[in-house]
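Novice: Handing you this structure, nothing more for now.
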Amino acid sequence: MALTDILFALINGAATGSAVFLVAAGLTLIFGILKILNFAHGAFFMIGAYVAYSIIGSNPSSLHVFIAAAFAAAAAVAALGFVADRLVLRRLRHVDEAYMLIATFAVLLVCTGVVKLIWGVNYASINPPPLLDGAVTAGSLFVPSYSLFVIAAGLFVFLGLELVIHRTWIGKLLQAVASDSWMSGVLGINVPAALTVTVIASFALAGLAGGLLLANQTLSPILGESYLLLAFMAVIIGGLGNVRGAFIASLLLGTIESGSSLVIPNMPGMATYIFVILFLLAKPQGLIGGRHI
Amino acid sequence: MMALRLGAILFGAALFLALPTVSDQGIVFLAGLVVIEAIFALSWNLLFGFTGLASFGHAAFFAIGAYLTGYGLKAGLGVPFLGLIAASGLLGALVAALTGLVLLRRTTGIHLAIFTLALAEVLRIVIGYSTLLGREDGLASIPKPTLELGFATIPLTSGTAYYYFMCVAGLVIGAVLWVVCHGPYGRLLVSIRQDPQRVAFLGVNVGRKRLQAFILSGAVAAIAGALYAPWAQIVTPESAHWIHSTQPMLASLLGGAHSFWGPVVGTVLFSIINYLTRNLVGLSELVIGATLLIIVLAAPSGVIGLVRTAQQRWSRRRKSGAGPDGDEGGSVRS
């Protein structure tokens with residue numbers, strides 16, 4: 001009995017962690033290269049969810065449609081990212097950190113306002129597609145198959161990012177820009193283009209996360225905030241801007257969150273915040289410090 | 001220019017004082033909230049605009065004051081109202097001292113932001129869990145107090161009386177902060193914001209000054225919360241939510257973080273925008289967000305900065321080029 005509880009908490013933690021990582025991936029990417037901590041990320045995640053919802057409605061007909069809608073949301077949010085880069089982010093490259101945070105927070109407000117104007121403030125709930133609405137049982141262990149899907153999606157995005165950043169030409173280029181953008185410019189790399197590509201990729205990840213995490217949660221204009229804080233913590237603990245660090249940190253936070261709901265069910269989130277505070281006091285530079293992405 | 005500024009302050013004060021006689025209860029309630037939020041924003045800006053520290057969990061101090069005073073009034077402990085306000089300020093200062101001792105020594109910038117945010121969220125969860133403090137429902141039906149001054153007893157049980165009391169309290173707190181910020185101490189804080197390293201070389205204990213500013217700011221925020229509890233008559237864990245922490249930031253930046261009255265101007269503007277856009281859901285966020293974006297991107301010194309630049313241009317044109325050249329370089333003026 002106790003063992004199944006623990007196993008269940010672990011799998012649940014991995015699912016929560018993967019969900020957090022899906023949001024944190026774009027956040028850490030944009031921080032690693034542009035050095036902007038993007039408050040608006042949560043809002044674009046939410047927009048992605050709403051776009052996907054508009055495509056598939058409350059009852060997606062099949063898994064393919066569900067995934068296709070997520071990719072469509074990614075494309076739509078990527079386009080928004082291009083606009084946001086041109087209008088806002090591009091102008092924030094040389095201002096003080098605090099102003100960056102506040103400017104991106106302003107973008108968050110604008111997006112929340114737009115979402116409320118377009119989709120209203122009513123809650124919507126979306127069922128998982130047919131293949132994922134059941135559960136896998138092994139003995140007395142009972143795991144929703146949608147959780148497994150989220151874990152797989154998290155792994156997929158993580159491995160994809162790893163592959164692109166460490167094994168491809170464009171990844172090396174982005175690493176160069178991240179570690180010294182001035183020197184990269186001198187060497188003939190088109191730094192502004194690299195930054196724009198990063199922004200678009202980061203926003204596409206936000207939209208994708210919105211589409212993939214759509215099911216099994218209530219869609220409302222405060223969706224952006226709920227994941228944003230956890231994703232922020234994951235990015236900070238991971239060592240700002242590091243994808244591997246963010247992945248490990250997300251899983252860690254997810255496990256703590258679901259483990260603590262087993263031990264102290266009355267205070268959701270408490271253990272996570274305390275862990276973050278203690279961790280940062282002990283290791284302010286994060287899990288993987290330095291200038292890597 | 002001095003006369004203009006003084007005139008603006010007097011006009012604003014007169015407007016606030018005359019409000020209960022010319023408008024309905026709803027507007028007076030909002031005006032009272034503006035006074036409270038303005039004090040709250042001033043306390044935050046003491047950290048950000050003057051000392052250069054960005055706290056993202058300032059609502060925690062506000063909630064500490066609000067819950068202490070709210071609980072004291074509701075439970076009928078027999079503590080005089082001014083005593084409760086003072087106790088709120090002291091508790092806020094104490095909590096600020098304890099957290100500041102640990103945090104300020106180790107962190108600045110983004111880390112400080114995340115730390116303060118996480119601590120405030122922990123407080124919110126603890127409050128939401130505490131049966132004594134009414135869990136998620138908060139403390140409701142908090143009675144309005146009676147002011148005992150020793151020589152006189154003034155009942156503040158009517159909305160208007162309490163409103164005037166808040167106006168006076170706001171003026172006193174504003175005046176105290178103005179004196180602090182414009183004396184040698186305020187100058188020192190500004191120089192710490194501009195270049196902590198150089199100030200340290202000059203023999204100033206930068207860490208201690210930052211801690212002092214943090215404590216003062218926490219105390220004032222808690223007092224703002226203390227004033228809030230009897231006015232709203234309900235205090236919920238939402239007052240410690242991080243969204244509430246962003247309120248003073250937005251107000252300070254909108255008004256102008258590098259001027260003393262900026263946060264007050266920003267708070268008033270925000271309330272006006274919120275009031276005018278109240279009928280269409282989502283519009284207020286859109287307008288506030290867009291305004292803020294324009295401010296940050298085009299005029300980082302806020303509305304007051306814009307007015308100041310316009311004034312300078314105008315006086316320069318009048319004196320045909322003999323006017324003072326722009327010495328905006330980050331110095332803080334009233």
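In the structure tokens, chains take letters A, B, ... by order of appearance, with residues numbered from 1 within each chain and ligands from 1 in the order shown.
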As a PyMOL selection string, please: every residue in segment 36-284 of chain B that DSSP puts in alpha helix (DSSP H).
Specialist: chain B and resi 36-45+59-75+81-106+109-129+159-182+184-194+196-201+206-232+242-255+262-276+283-284
Novice: I need the chain A residues near chain B as a PyMOL selection string; criterion: at most 7 Å, counting only C-alpha atoms.
Specialist: chain A and resi 98-99+103+106-107+109-110+112-114+116-117+267+270+273+277
Novice: Quick one: of A:His166, A:Leu205, A:Ala69, A:Ile288, who's nearest to Ser54 of chain A, counting only C-alpha atoms?
Specialist: A:Ala69
Novice: Do you know which residues are at most 9 Å from Gly224 of chain A counting only C-alpha atoms, after dropping those on the same chain fewer than 4 positions away, and could you put them as an NGL selection string?
Specialist: :A and (40-47 or 108 or 112 or 220 or 228)
Novice: When you look at segment 133-136 of chain B with a cut-off of 10 Å (counting only C-alpha atoms), what residues show up, excluding the ones that are within fewer than 6 positions of it in the same chain? I need them as a PyMOL selection string.
Specialist: chain B and resi 67-68+70-71+124-127+235-238
Novice: Counting only C-alpha atoms, which residues of segment 156-233 of chain B fall within 12 Å of segment 264-273 of chain B, and what is the closest atom pair for each with its distance in Å at one decimal, ordered by chain and rising number, as a tab-separated table?
Specialist:
```
residue	atom	partner	partner_atom	distance
B:Gly170	CA	B:Val264	CA	10.7
B:Leu171	CA	B:Val264	CA	11.5
B:Gly174	CA	B:Val264	CA	9.6
```
Novice: Would you put the residues from that selection into a file with N, CA, C and O atoms, as a PDB file, in the first residue's frame?
Specialist:
```pdb
ATOM      1  N   GLY B 170      -2.135  59.364   5.880  1.00  0.00           N
ATOM      2  CA  GLY B 170      -1.375  59.361   4.638  1.00  0.00           C
ATOM      3  C   GLY B 170      -0.472  60.571   4.532  1.00  0.00           C
ATOM      4  O   GLY B 170       0.702  60.459   4.148  1.00  0.00           O
ATOM      5  N   LEU B 171      -1.007  61.736   4.904  1.00  0.00           N
ATOM      6  CA  LEU B 171      -0.199  62.952   4.850  1.00  0.00           C
ATOM      7  C   LEU B 171       0.995  62.860   5.797  1.00  0.00           C
ATOM      8  O   LEU B 171       2.122  63.220   5.444  1.00  0.00           O
ATOM      9  N   GLY B 174       3.470  60.316   4.418  1.00  0.00           N
ATOM     10  CA  GLY B 174       4.116  60.914   3.248  1.00  0.00           C
ATOM     11  C   GLY B 174       5.144  61.953   3.660  1.00  0.00           C
ATOM     12  O   GLY B 174       6.263  61.987   3.137  1.00  0.00           O
TER      13      GLY B 174
END
```
